[in-house]
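Colleague: My structure is in work30.cif, and what it holds is mmCIF, C-alpha atoms and all ligand atoms:
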data_upload
#
loop_
_atom_site.label_atom_id
_atom_site.label_comp_id
_atom_site.auth_asym_id
_atom_site.auth_seq_id
_atom_site.Cartn_x
_atom_site.Cartn_y
_atom_site.Cartn_z
CA MET K 1 -8.93 -7.86 40.89
CA PRO K 2 -9.15 -5.46 37.92
CA LEU K 3 -5.94 -4.83 35.98
CA THR K 4 -4.57 -1.40 35.18
CA LEU K 5 -4.17 -0.36 31.54
CA GLN K 6 -0.41 -0.68 31.98
CA GLN K 7 -0.67 -4.24 33.29
CA LEU K 8 -3.06 -5.25 30.50
CA LEU K 9 -0.68 -3.78 27.93
CA MET K 10 2.34 -5.53 29.43
CA THR K 11 0.67 -8.94 29.23
CA ALA K 12 -0.37 -8.33 25.62
CA ARG K 13 3.13 -7.16 24.72
CA GLN K 14 4.65 -10.32 26.10
CA GLN K 15 2.16 -12.47 24.18
CA LEU K 16 2.65 -10.58 20.90
CA ALA K 17 6.42 -10.71 21.29
CA GLN K 18 6.14 -14.45 20.62
CA VAL K 19 5.22 -13.68 17.01
CA LEU K 20 6.48 -10.11 16.46
CA PRO K 21 9.72 -8.17 17.00
CA PRO K 22 9.60 -6.44 20.44
CA GLY K 23 9.11 -2.91 19.03
CA GLU K 24 6.15 -4.01 16.90
CA ALA K 25 4.65 -6.02 19.76
CA ARG K 26 4.68 -2.87 21.89
CA SER K 27 3.23 -0.53 19.26
CA GLU K 28 0.59 -3.01 18.08
CA ALA K 29 -0.56 -3.70 21.66
CA GLN K 30 -0.90 0.05 22.16
CA LEU K 31 -2.76 0.52 18.86
CA LEU K 32 -5.25 -2.21 19.71
CA LEU K 33 -5.90 -0.82 23.20
CA MET K 34 -6.28 2.74 21.85
CA HIS K 35 -8.79 1.32 19.35
CA VAL K 36 -10.83 -0.54 21.99
CA LEU K 37 -10.93 2.45 24.37
CA ALA K 38 -11.28 5.03 21.56
CA ILE K 39 -8.43 7.08 23.05
CA ASN K 40 -5.18 8.55 21.72
CA ARG K 41 -1.61 7.70 22.73
CA ALA K 42 -1.22 10.72 25.02
CA TRP K 43 -4.33 9.69 27.01
CA LEU K 44 -3.08 6.11 27.23
CA ILE K 45 0.30 7.21 28.59
CA ALA K 46 -1.24 9.63 31.09
CA HIS K 47 -3.79 7.08 32.37
CA GLY K 48 -1.62 3.94 32.57
CA SER K 49 -2.57 3.35 36.21
CA ASP K 50 -6.36 3.54 35.56
CA GLU K 51 -8.24 0.27 36.01
CA VAL K 52 -9.69 -1.35 32.92
CA THR K 53 -13.30 -2.61 32.85
CA ALA K 54 -13.89 -6.33 32.41
CA GLN K 55 -15.69 -5.67 29.13
CA HIS K 56 -12.86 -3.62 27.62
CA ALA K 57 -10.30 -6.19 28.77
CA GLN K 58 -12.29 -8.98 27.12
CA VAL K 59 -12.64 -7.15 23.78
CA PHE K 60 -8.94 -6.23 23.84
CA ASN K 61 -7.83 -9.78 24.66
CA GLN K 62 -9.94 -11.13 21.79
CA LEU K 63 -8.14 -8.77 19.38
CA VAL K 64 -4.77 -9.85 20.75
CA GLN K 65 -5.73 -13.48 20.16
CA ARG K 66 -6.71 -12.68 16.56
CA ARG K 67 -3.36 -10.97 16.09
CA LEU K 68 -1.61 -14.02 17.53
CA GLN K 69 -3.39 -16.08 14.85
CA GLY K 70 -1.77 -13.79 12.26
CA GLU K 71 -4.60 -11.39 11.34
CA PRO K 72 -3.03 -8.03 10.36
CA VAL K 73 -3.65 -5.27 12.86
CA ALA K 74 -4.67 -2.88 10.05
CA TYR K 75 -7.68 -5.07 9.20
CA MET K 76 -8.74 -5.10 12.86
CA LEU K 77 -8.38 -1.33 13.21
CA GLY K 78 -9.87 -0.73 9.75
CA TYR K 79 -7.25 1.84 8.77
CA ARG K 80 -3.54 2.35 8.03
CA GLU K 81 -1.48 5.52 7.91
CA PHE K 82 0.32 6.10 4.61
CA PHE K 83 2.27 9.21 3.63
CA GLY K 84 0.51 11.13 6.40
CA LEU K 85 -2.97 10.04 5.26
CA ARG K 86 -5.30 7.86 7.29
CA LEU K 87 -6.65 5.34 4.80
CA LYS K 88 -9.54 2.96 5.30
CA VAL K 89 -8.44 -0.61 4.60
CA THR K 90 -10.54 -3.75 4.31
CA PRO K 91 -9.68 -7.38 3.52
CA ASP K 92 -10.49 -6.45 -0.12
CA THR K 93 -7.49 -4.11 -0.25
CA LEU K 94 -3.77 -4.52 0.14
CA ILE K 95 -2.49 -2.86 3.34
CA PRO K 96 -0.30 0.03 2.11
CA ARG K 97 3.38 -0.48 2.97
CA PRO K 98 5.95 2.14 4.06
CA ASP K 99 8.17 0.89 1.17
CA THR K 100 5.64 2.29 -1.29
CA GLU K 101 6.39 5.81 -0.05
CA THR K 102 9.55 5.55 -2.20
CA LEU K 103 7.32 5.38 -5.28
CA VAL K 104 5.26 8.37 -4.14
CA GLU K 105 8.41 10.42 -3.50
CA ALA K 106 9.81 9.56 -6.95
CA ALA K 107 6.48 10.51 -8.54
CA LEU K 108 6.25 13.84 -6.69
CA GLN K 109 9.72 14.75 -7.99
CA LYS K 110 8.38 14.46 -11.55
CA ILE K 111 4.96 16.07 -11.11
CA SER K 112 4.47 19.75 -11.86
CA GLY K 113 1.38 21.84 -12.53
CA ALA K 114 -1.71 20.20 -13.98
CA MET K 115 0.03 17.04 -15.19
CA ARG K 116 -2.14 14.06 -16.01
CA VAL K 117 -1.14 11.22 -13.68
CA LEU K 118 -2.33 7.60 -13.60
CA ASP K 119 -2.08 5.13 -10.69
CA LEU K 120 -2.57 1.54 -11.90
CA GLY K 121 -3.82 -0.92 -9.25
CA THR K 122 -4.76 1.69 -6.67
CA GLY K 123 -6.10 -0.56 -3.88
CA THR K 124 -7.03 1.80 -1.01
CA GLY K 125 -6.04 4.70 -3.29
CA ALA K 126 -2.81 5.10 -1.31
CA ILE K 127 -0.49 6.28 -4.10
CA ALA K 128 -3.09 8.28 -6.03
CA LEU K 129 -4.34 10.08 -2.92
CA ALA K 130 -0.83 10.84 -1.61
CA MET K 131 0.04 12.35 -5.02
CA ALA K 132 -3.20 14.36 -5.12
CA GLN K 133 -2.62 15.63 -1.59
CA HIS K 134 0.91 16.84 -2.31
CA ALA K 135 0.42 17.94 -5.93
CA PRO K 136 -3.07 19.48 -5.78
CA GLN K 137 -3.02 20.74 -9.36
CA ALA K 138 -2.29 17.31 -10.84
CA GLN K 139 -5.16 15.50 -12.56
CA VAL K 140 -5.03 12.08 -10.96
CA THR K 141 -6.75 8.95 -12.26
CA ALA K 142 -6.78 5.77 -10.16
CA VAL K 143 -7.55 2.36 -11.66
CA ASP K 144 -8.25 -1.03 -10.13
CA ALA K 145 -9.67 -4.31 -11.45
CA SER K 146 -11.29 -5.00 -8.06
CA VAL K 147 -14.70 -3.31 -7.71
CA LYS K 148 -14.52 -3.71 -3.93
CA ALA K 149 -11.06 -2.16 -3.67
CA LEU K 150 -12.14 0.71 -5.90
CA ALA K 151 -15.11 1.39 -3.61
CA VAL K 152 -12.65 1.75 -0.70
CA ALA K 153 -10.44 4.07 -2.79
CA ARG K 154 -13.49 6.24 -3.58
CA GLU K 155 -14.47 6.35 0.10
CA ASN K 156 -10.93 7.37 1.06
CA ALA K 157 -10.91 10.08 -1.64
CA GLN K 158 -14.18 11.49 -0.27
CA SER K 159 -13.19 11.38 3.39
CA LEU K 160 -9.82 13.03 2.67
CA GLN K 161 -11.55 15.68 0.53
CA LEU K 162 -9.59 14.56 -2.50
CA GLY K 163 -12.71 13.90 -4.55
CA SER K 164 -11.03 15.25 -7.70
CA VAL K 165 -9.20 11.91 -8.01
CA ARG K 166 -11.00 9.97 -10.75
CA CYS K 167 -11.50 6.27 -9.87
CA VAL K 168 -11.95 3.94 -12.85
CA HIS K 169 -12.75 0.23 -12.89
CA SER K 170 -10.35 -1.28 -15.40
CA ASP K 171 -8.16 -4.27 -16.19
CA TRP K 172 -4.94 -2.21 -16.39
CA PHE K 173 -5.38 0.14 -19.40
CA GLU K 174 -8.47 -1.53 -20.86
CA ALA K 175 -11.02 1.17 -19.91
CA LEU K 176 -8.64 4.04 -20.77
CA ALA K 177 -8.68 3.83 -24.57
CA GLY K 178 -7.68 7.14 -26.19
CA GLN K 179 -6.44 8.71 -22.93
CA THR K 180 -2.84 9.79 -22.39
CA PHE K 181 -0.84 10.68 -19.31
CA ASP K 182 2.37 12.49 -18.35
CA LEU K 183 3.17 10.02 -15.60
CA ILE K 184 2.04 6.45 -14.97
CA VAL K 185 2.83 4.86 -11.60
CA SER K 186 2.03 1.40 -10.35
CA ASN K 187 2.61 -0.91 -7.42
CA PRO K 188 1.28 -3.99 -9.22
CA PRO K 189 1.17 -7.58 -7.97
CA TYR K 190 4.74 -8.92 -8.30
CA ILE K 191 5.12 -12.05 -6.15
CA GLU K 192 5.81 -15.41 -7.77
CA ASP K 193 2.74 -17.71 -7.65
CA SER K 194 4.74 -20.38 -5.84
CA ASP K 195 6.39 -18.06 -3.28
CA PRO K 196 5.89 -19.66 0.16
CA HIS K 197 5.52 -16.19 1.74
CA LEU K 198 2.01 -16.04 0.23
CA ALA K 199 0.96 -18.61 2.84
CA GLN K 200 2.70 -16.82 5.74
CA GLY K 201 2.24 -13.75 7.95
CA ASP K 202 0.02 -10.87 6.87
CA LEU K 203 0.07 -11.97 3.21
CA ARG K 204 -2.28 -14.89 4.03
CA PHE K 205 -5.03 -12.39 4.81
CA GLU K 206 -4.54 -10.03 1.85
CA PRO K 207 -6.22 -10.49 -1.57
CA TYR K 208 -4.25 -12.97 -3.68
CA SER K 209 -5.09 -10.89 -6.77
CA ALA K 210 -3.21 -7.95 -5.22
CA LEU K 211 -0.06 -9.97 -4.62
CA ALA K 212 0.67 -12.80 -7.06
CA SER K 213 1.62 -12.39 -10.69
CA GLY K 214 2.43 -15.59 -12.55
CA ALA K 215 5.32 -18.03 -12.29
CA ASP K 216 8.04 -15.34 -12.34
CA GLY K 217 6.04 -12.59 -10.58
CA LEU K 218 6.44 -10.37 -13.63
CA GLN K 219 3.24 -11.12 -15.54
CA ASP K 220 1.51 -7.86 -14.64
CA ILE K 221 4.68 -5.77 -14.92
CA ASP K 222 5.12 -7.18 -18.44
CA ARG K 223 1.56 -6.23 -19.40
CA ILE K 224 1.93 -2.72 -18.01
CA ILE K 225 5.30 -2.03 -19.67
CA ALA K 226 4.12 -3.36 -23.03
CA SER K 227 0.99 -1.15 -23.06
CA ALA K 228 2.28 1.99 -21.32
CA PRO K 229 3.78 3.67 -24.43
CA THR K 230 0.30 3.86 -26.01
CA TYR K 231 -0.94 5.83 -22.99
CA LEU K 232 2.07 8.08 -22.35
CA HIS K 233 2.75 11.53 -23.75
CA THR K 234 6.14 12.02 -25.39
CA LYS K 235 8.71 12.32 -22.58
CA GLY K 236 6.20 10.89 -20.10
CA TRP K 237 7.41 8.65 -17.27
CA LEU K 238 6.53 5.13 -16.17
CA MET K 239 7.42 4.17 -12.57
CA LEU K 240 6.99 0.70 -11.16
CA GLU K 241 7.39 -0.73 -7.69
CA HIS K 242 8.76 -4.29 -7.79
CA GLY K 243 10.36 -7.00 -5.66
CA TYR K 244 13.81 -6.43 -4.18
CA ASN K 245 15.26 -8.94 -6.68
CA GLN K 246 13.40 -7.75 -9.81
CA ALA K 247 15.17 -4.45 -10.57
CA GLU K 248 17.38 -5.86 -13.31
CA ALA K 249 14.49 -7.67 -15.01
CA VAL K 250 12.35 -4.50 -14.94
CA GLN K 251 15.22 -2.33 -16.22
CA GLN K 252 15.79 -4.73 -19.13
CA ARG K 253 12.10 -4.78 -20.02
CA LEU K 254 11.83 -0.98 -19.96
CA ALA K 255 14.92 -0.62 -22.18
CA MET K 256 13.60 -3.31 -24.55
CA HIS K 257 10.35 -1.36 -25.00
CA GLY K 258 12.19 1.87 -25.83
CA PHE K 259 12.23 3.63 -22.46
CA GLN K 260 15.21 5.87 -21.74
CA ALA K 261 16.88 7.30 -18.61
CA VAL K 262 16.04 4.03 -16.86
CA GLU K 263 17.03 3.99 -13.19
CA THR K 264 16.18 2.25 -9.94
CA ARG K 265 15.52 3.84 -6.55
CA GLN K 266 16.00 2.18 -3.15
CA ASP K 267 13.36 1.83 -0.46
CA LEU K 268 13.74 2.75 3.22
CA GLY K 269 15.49 -0.56 3.88
CA GLY K 270 18.04 0.06 1.08
CA ASN K 271 16.48 -2.47 -1.33
CA PRO K 272 16.15 -1.65 -5.05
CA ARG K 273 12.40 -1.16 -5.14
CA VAL K 274 11.25 1.37 -7.77
CA THR K 275 12.35 1.44 -11.40
CA LEU K 276 11.45 4.25 -13.78
CA GLY K 277 11.95 5.15 -17.39
CA GLN K 278 11.02 7.94 -19.78
CA TRP K 279 9.09 7.28 -22.95
CA ASP K 280 10.88 8.95 -25.87
CA GLY K 281 7.79 9.20 -28.03
CA SER K 282 8.78 6.68 -30.67
CA LYS K 283 6.22 4.30 -32.06
CA PRO K 284 5.36 1.69 -29.38
CA VAL K 285 7.28 -1.60 -29.89
C1 LIG K 301 0.14 -4.64 -4.74
S1 LIG K 301 -1.51 -4.02 -4.74
C2 LIG K 301 -1.18 -2.26 -4.64
C3 LIG K 301 -2.29 -1.47 -4.00
C4 LIG K 301 -1.92 0.02 -3.76
N1 LIG K 301 -1.51 0.67 -4.97
C5 LIG K 301 -0.82 0.14 -2.72
O1 LIG K 301 0.31 0.40 -3.07
O2 LIG K 301 -1.12 -0.02 -1.53
C6 LIG K 301 -1.95 -4.26 -6.43
C7 LIG K 301 -3.32 -3.74 -6.83
O3 LIG K 301 -3.48 -4.02 -8.24
C8 LIG K 301 -4.83 -4.43 -8.48
N2 LIG K 301 -4.83 -5.23 -9.70
C9 LIG K 301 -4.44 -6.52 -9.87
N3 LIG K 301 -4.58 -6.89 -11.15
C10 LIG K 301 -5.08 -5.81 -11.81
C11 LIG K 301 -5.44 -5.57 -13.16
N4 LIG K 301 -5.34 -6.52 -14.09
N5 LIG K 301 -5.91 -4.34 -13.49
C12 LIG K 301 -6.01 -3.36 -12.54
N6 LIG K 301 -5.70 -3.54 -11.25
C13 LIG K 301 -5.23 -4.75 -10.89
C14 LIG K 301 -5.20 -5.22 -7.22
O4 LIG K 301 -6.60 -5.29 -7.08
C15 LIG K 301 -4.51 -4.41 -6.14
O5 LIG K 301 -5.35 -3.40 -5.63
#
If you took the structure in this file and wrote it as structure tokens, what would it be?

Modeller:
Amino acid sequence: MPLTLQQLLMTARQQLAQVLPPGEARSEAQLLLMHVLAINRAWLIAHGSDEVTAQHAQVFNQLVQRRLQGEPVAYMLGYREFFGLRLKVTPDTLIPRPDTETLVEAALQKISGAMRVLDLGTGTGAIALAMAQHAPQAQVTAVDASVKALAVARENAQSLQLGSVRCVHSDWFEALAGQTFDLIVSNPPYIEDSDPHLAQGDLRFEPYSALASGADGLQDIDRIIASAPTYLHTKGWLMLEHGYNQAEAVQQRLAMHGFQAVETRQDLGGNPRVTLGQWDGSKPV
């Protein structure tokens, strides 16, 4: 006997609750069913007692099984919402995290007028596109070392009609010789190579090059901080997202390289997550 949408959802919720917190199990089951039926949440709620076709039930159950194996729901759906933007994501890109909205908010507080802004390691373009959307006069450049990720960032820029964002293939600052910026932001890789989390959960499916950064997780942050003064205007800002336990290390490094007004902001969960400093214009050390 055919199941109703509500019954199908309930079974999936119970299965997903074995690997996810109950709230996430519920919302992910709904997202997957909305995806399979190409419907929105309001339709799903209003039609809970409709019967589901055998074909839709089969496709949905296959997605639930993939999720139970750990595949992130964003890769199955092909998109993720970030700062109010629907961004295409693929296994070549990191899945943007809500924590990174802290970095965007800090950046938007500093941006005014036609400032030149750089996003290092743009992935889907999440940070660069959110800044461009909310600070339309800013001149935003987005850089990534991954050609495939950069192609996704370009596609997102086009589909969101934010084509003014300049996407550049570069190993951090390498392709930006002679260019200077008022604000440089980055959510770089910052996980220790040996961190067991890399082999768990969603991280298993995301590009290793977007996550891991040497034995102490600070290899890329070190490279960015050391080079940033060459690419910053006097009084320009550098803002870095980092691990919850790296704030002190990042603060010390910024101070050591001559940055002033160094401070750390907390993410939505209250963890120290974004550290920023202002370049005073002295000769780079
Ligand atoms: C943690 S992900 C952040 C992605 C995106 N900014 C976000 O917040 O969702 C780090 C990004 O840095 C890029 N990356 C890693 N090493 C790089 C390098 N040497 N130069 C430029 N980009 C790099 C990765 O390809 C990846 O897209």

Colleague: Excluding same-chain residues fewer than 4 positions from Ala25 in chain K, what lies within 8 Å of it counting only C-alpha atoms, as a list in words?

Modeller: Arg13, Gln14, Leu16, Ala17, Leu20, Pro21 and Ala29 of chain K

Colleague: Please report, as a tab-separated table, each residue of chain K lying at most 8 Å from ligand LIG 301 (chain K), together with the nearest pair of atoms and the separation in Å rounded to one decimal; use only C-alpha atoms and all ligand atoms, and order rows by chain and ascending residue number.

Modeller:
residue	atom	partner	partner_atom	distance
K:Thr93	CA	K:LIG301	O5	5.8
K:Leu94	CA	K:LIG301	C3	5.4
K:Ile95	CA	K:LIG301	O2	5.8
K:Pro96	CA	K:LIG301	O2	3.7
K:Arg97	CA	K:LIG301	O2	6.4
K:Thr100	CA	K:LIG301	O1	5.9
K:Asp119	CA	K:LIG301	N1	7.3
K:Leu120	CA	K:LIG301	N6	6.0
K:Gly121	CA	K:LIG301	O3	3.3
K:Thr122	CA	K:LIG301	N1	3.8
K:Gly123	CA	K:LIG301	O5	3.4
K:Thr124	CA	K:LIG301	C4	6.1
K:Gly125	CA	K:LIG301	C4	6.3
K:Ala126	CA	K:LIG301	O2	5.4
K:Ile127	CA	K:LIG301	N1	5.8
K:Ala128	CA	K:LIG301	N1	7.8
K:Val143	CA	K:LIG301	C12	6.0
K:Asp144	CA	K:LIG301	N6	3.7
K:Ala145	CA	K:LIG301	C12	3.9
K:Ser146	CA	K:LIG301	O4	4.8
K:Ala149	CA	K:LIG301	O5	6.2
K:Leu150	CA	K:LIG301	O5	7.9
K:His169	CA	K:LIG301	C12	7.6
K:Ser170	CA	K:LIG301	C12	5.6
K:Asp171	CA	K:LIG301	N5	3.5
K:Trp172	CA	K:LIG301	N5	3.7
K:Phe173	CA	K:LIG301	N5	7.4
K:Ser186	CA	K:LIG301	N1	6.5
K:Asn187	CA	K:LIG301	C2	4.9
K:Pro188	CA	K:LIG301	C6	4.3
K:Pro189	CA	K:LIG301	C1	4.5
K:Tyr190	CA	K:LIG301	C1	7.2
K:Pro207	CA	K:LIG301	O4	7.6
K:Ser209	CA	K:LIG301	C9	5.4
K:Ala210	CA	K:LIG301	C15	3.9
K:Leu211	CA	K:LIG301	C1	5.3
K:Asp220	CA	K:LIG301	N4	7.0

Colleague: Excluding same-chain residues fewer than 2 positions from Leu85 in chain K, what lies within 10 Å of it counting only C-alpha atoms, as JSON, numbers by chain?

Modeller: {"K": [79, 80, 81, 82, 83, 87, 88, 126, 129, 130, 133, 156, 160]}

Colleague: Please report the interatomic distance between CA of Val152 in chain K and CA of Phe205 in chain K in Å with one decimal.

Modeller: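 We find that CA of Val152 in chain K and CA of Phe205 in chain K lie 17.0 Å from each other.
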
Colleague: Would you kindly identify which residues have an atom no farther than 12 Å from (3.2, -11.8, 21.1), using all atoms listed in the file and the file's own coordinates, and write them out as a VMD selection string?

Modeller: chain K and resid 9 to 29 61 63 to 70

Colleague: Write to file, as an mmCIF file, in the coordinates of the input, the residues of the selection just made, with C-alpha atoms.

Modeller:
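File result.cif, as written:
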data_model
loop_
_atom_site.group_PDB
_atom_site.id
_atom_site.type_symbol
_atom_site.label_atom_id
_atom_site.label_comp_id
_atom_site.auth_asym_id
_atom_site.auth_seq_id
_atom_site.Cartn_x
_atom_site.Cartn_y
_atom_site.Cartn_z
ATOM 1 C CA LEU K 9 -0.680 -3.780 27.930
ATOM 2 C CA MET K 10 2.340 -5.530 29.430
ATOM 3 C CA THR K 11 0.670 -8.940 29.230
ATOM 4 C CA ALA K 12 -0.370 -8.330 25.620
ATOM 5 C CA ARG K 13 3.130 -7.160 24.720
ATOM 6 C CA GLN K 14 4.650 -10.320 26.100
ATOM 7 C CA GLN K 15 2.160 -12.470 24.180
ATOM 8 C CA LEU K 16 2.650 -10.580 20.900
ATOM 9 C CA ALA K 17 6.420 -10.710 21.290
ATOM 10 C CA GLN K 18 6.140 -14.450 20.620
ATOM 11 C CA VAL K 19 5.220 -13.680 17.010
ATOM 12 C CA LEU K 20 6.480 -10.110 16.460
ATOM 13 C CA PRO K 21 9.720 -8.170 17.000
ATOM 14 C CA PRO K 22 9.600 -6.440 20.440
ATOM 15 C CA GLY K 23 9.110 -2.910 19.030
ATOM 16 C CA GLU K 24 6.150 -4.010 16.900
ATOM 17 C CA ALA K 25 4.650 -6.020 19.760
ATOM 18 C CA ARG K 26 4.680 -2.870 21.890
ATOM 19 C CA SER K 27 3.230 -0.530 19.260
ATOM 20 C CA GLU K 28 0.590 -3.010 18.080
ATOM 21 C CA ALA K 29 -0.560 -3.700 21.660
ATOM 22 C CA ASN K 61 -7.830 -9.780 24.660
ATOM 23 C CA LEU K 63 -8.140 -8.770 19.380
ATOM 24 C CA VAL K 64 -4.770 -9.850 20.750
ATOM 25 C CA GLN K 65 -5.730 -13.480 20.160
ATOM 26 C CA ARG K 66 -6.710 -12.680 16.560
ATOM 27 C CA ARG K 67 -3.360 -10.970 16.090
ATOM 28 C CA LEU K 68 -1.610 -14.020 17.530
ATOM 29 C CA GLN K 69 -3.390 -16.080 14.850
ATOM 30 C CA GLY K 70 -1.770 -13.790 12.260
#

Colleague: Report the distance between CA of Asp92 in chain K and CA of Ser159 in chain K in Å, rounded to one decimal place.

Modeller: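 Those two atoms sit 18.4 Å apart.
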
Colleague: Suppose you want the space between CA of Ile45 in chain K and CA of Asp99 in chain K; what is it in Å?

Modeller: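 For CA of Ile45 in chain K relative to CA of Asp99 in chain K, the distance reads 29.2 Å.
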
Colleague: Please list as a list in words every residue within 10 Å of Thr53 in chain K, counting all atoms listed in the file and excluding residues in the same chain fewer than 6 positions away.

Modeller: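 Contacts, in chain order: Pro2, Leu3, Thr4 and Leu5 of chain K.
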
Colleague: May I have the residues at most 10 Å from (11.9, -6.5, -8.6) in the file's coordinates, counting only C-alpha atoms, as a list of chain:residue names?

Modeller: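 In the file's frame, the residues around the point are K:Tyr190, K:Ile191, K:Gly217, K:Leu218, K:Ile221, K:Leu240, K:Glu241, K:His242, K:Gly243, K:Tyr244, K:Asn245, K:Gln246, K:Ala247, K:Glu248, K:Ala249, K:Val250, K:Gln251, K:Thr264, K:Asn271, K:Pro272, K:Arg273, K:Val274, K:Thr275.
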
Colleague: Quick one: residues within 12 Å of Ala226 in chain K, only C-alpha atoms counted, chain neighbours fewer than 2 positions away excluded, as a PDB file with C-alpha atoms, in the frame of the given file?

Modeller:
ATOM      1  CA  TRP K 172      -4.940  -2.210 -16.390  1.00  0.00           C
ATOM      2  CA  PHE K 173      -5.380   0.140 -19.400  1.00  0.00           C
ATOM      3  CA  LEU K 218       6.440 -10.370 -13.630  1.00  0.00           C
ATOM      4  CA  GLN K 219       3.240 -11.120 -15.540  1.00  0.00           C
ATOM      5  CA  ASP K 220       1.510  -7.860 -14.640  1.00  0.00           C
ATOM      6  CA  ILE K 221       4.680  -5.770 -14.920  1.00  0.00           C
ATOM      7  CA  ASP K 222       5.120  -7.180 -18.440  1.00  0.00           C
ATOM      8  CA  ARG K 223       1.560  -6.230 -19.400  1.00  0.00           C
ATOM      9  CA  ILE K 224       1.930  -2.720 -18.010  1.00  0.00           C
ATOM     10  CA  ALA K 228       2.280   1.990 -21.320  1.00  0.00           C
ATOM     11  CA  PRO K 229       3.780   3.670 -24.430  1.00  0.00           C
ATOM     12  CA  THR K 230       0.300   3.860 -26.010  1.00  0.00           C
ATOM     13  CA  TYR K 231      -0.940   5.830 -22.990  1.00  0.00           C
ATOM     14  CA  LEU K 232       2.070   8.080 -22.350  1.00  0.00           C
ATOM     15  CA  LEU K 238       6.530   5.130 -16.170  1.00  0.00           C
ATOM     16  CA  VAL K 250      12.350  -4.500 -14.940  1.00  0.00           C
ATOM     17  CA  ARG K 253      12.100  -4.780 -20.020  1.00  0.00           C
ATOM     18  CA  LEU K 254      11.830  -0.980 -19.960  1.00  0.00           C
ATOM     19  CA  ALA K 255      14.920  -0.620 -22.180  1.00  0.00           C
ATOM     20  CA  MET K 256      13.600  -3.310 -24.550  1.00  0.00           C
ATOM     21  CA  HIS K 257      10.350  -1.360 -25.000  1.00  0.00           C
ATOM     22  CA  GLY K 258      12.190   1.870 -25.830  1.00  0.00           C
ATOM     23  CA  PHE K 259      12.230   3.630 -22.460  1.00  0.00           C
ATOM     24  CA  TRP K 279       9.090   7.280 -22.950  1.00  0.00           C
ATOM     25  CA  PRO K 284       5.360   1.690 -29.380  1.00  0.00           C
ATOM     26  CA  VAL K 285       7.280  -1.600 -29.890  1.00  0.00           C
TER      27      VAL K 285
END
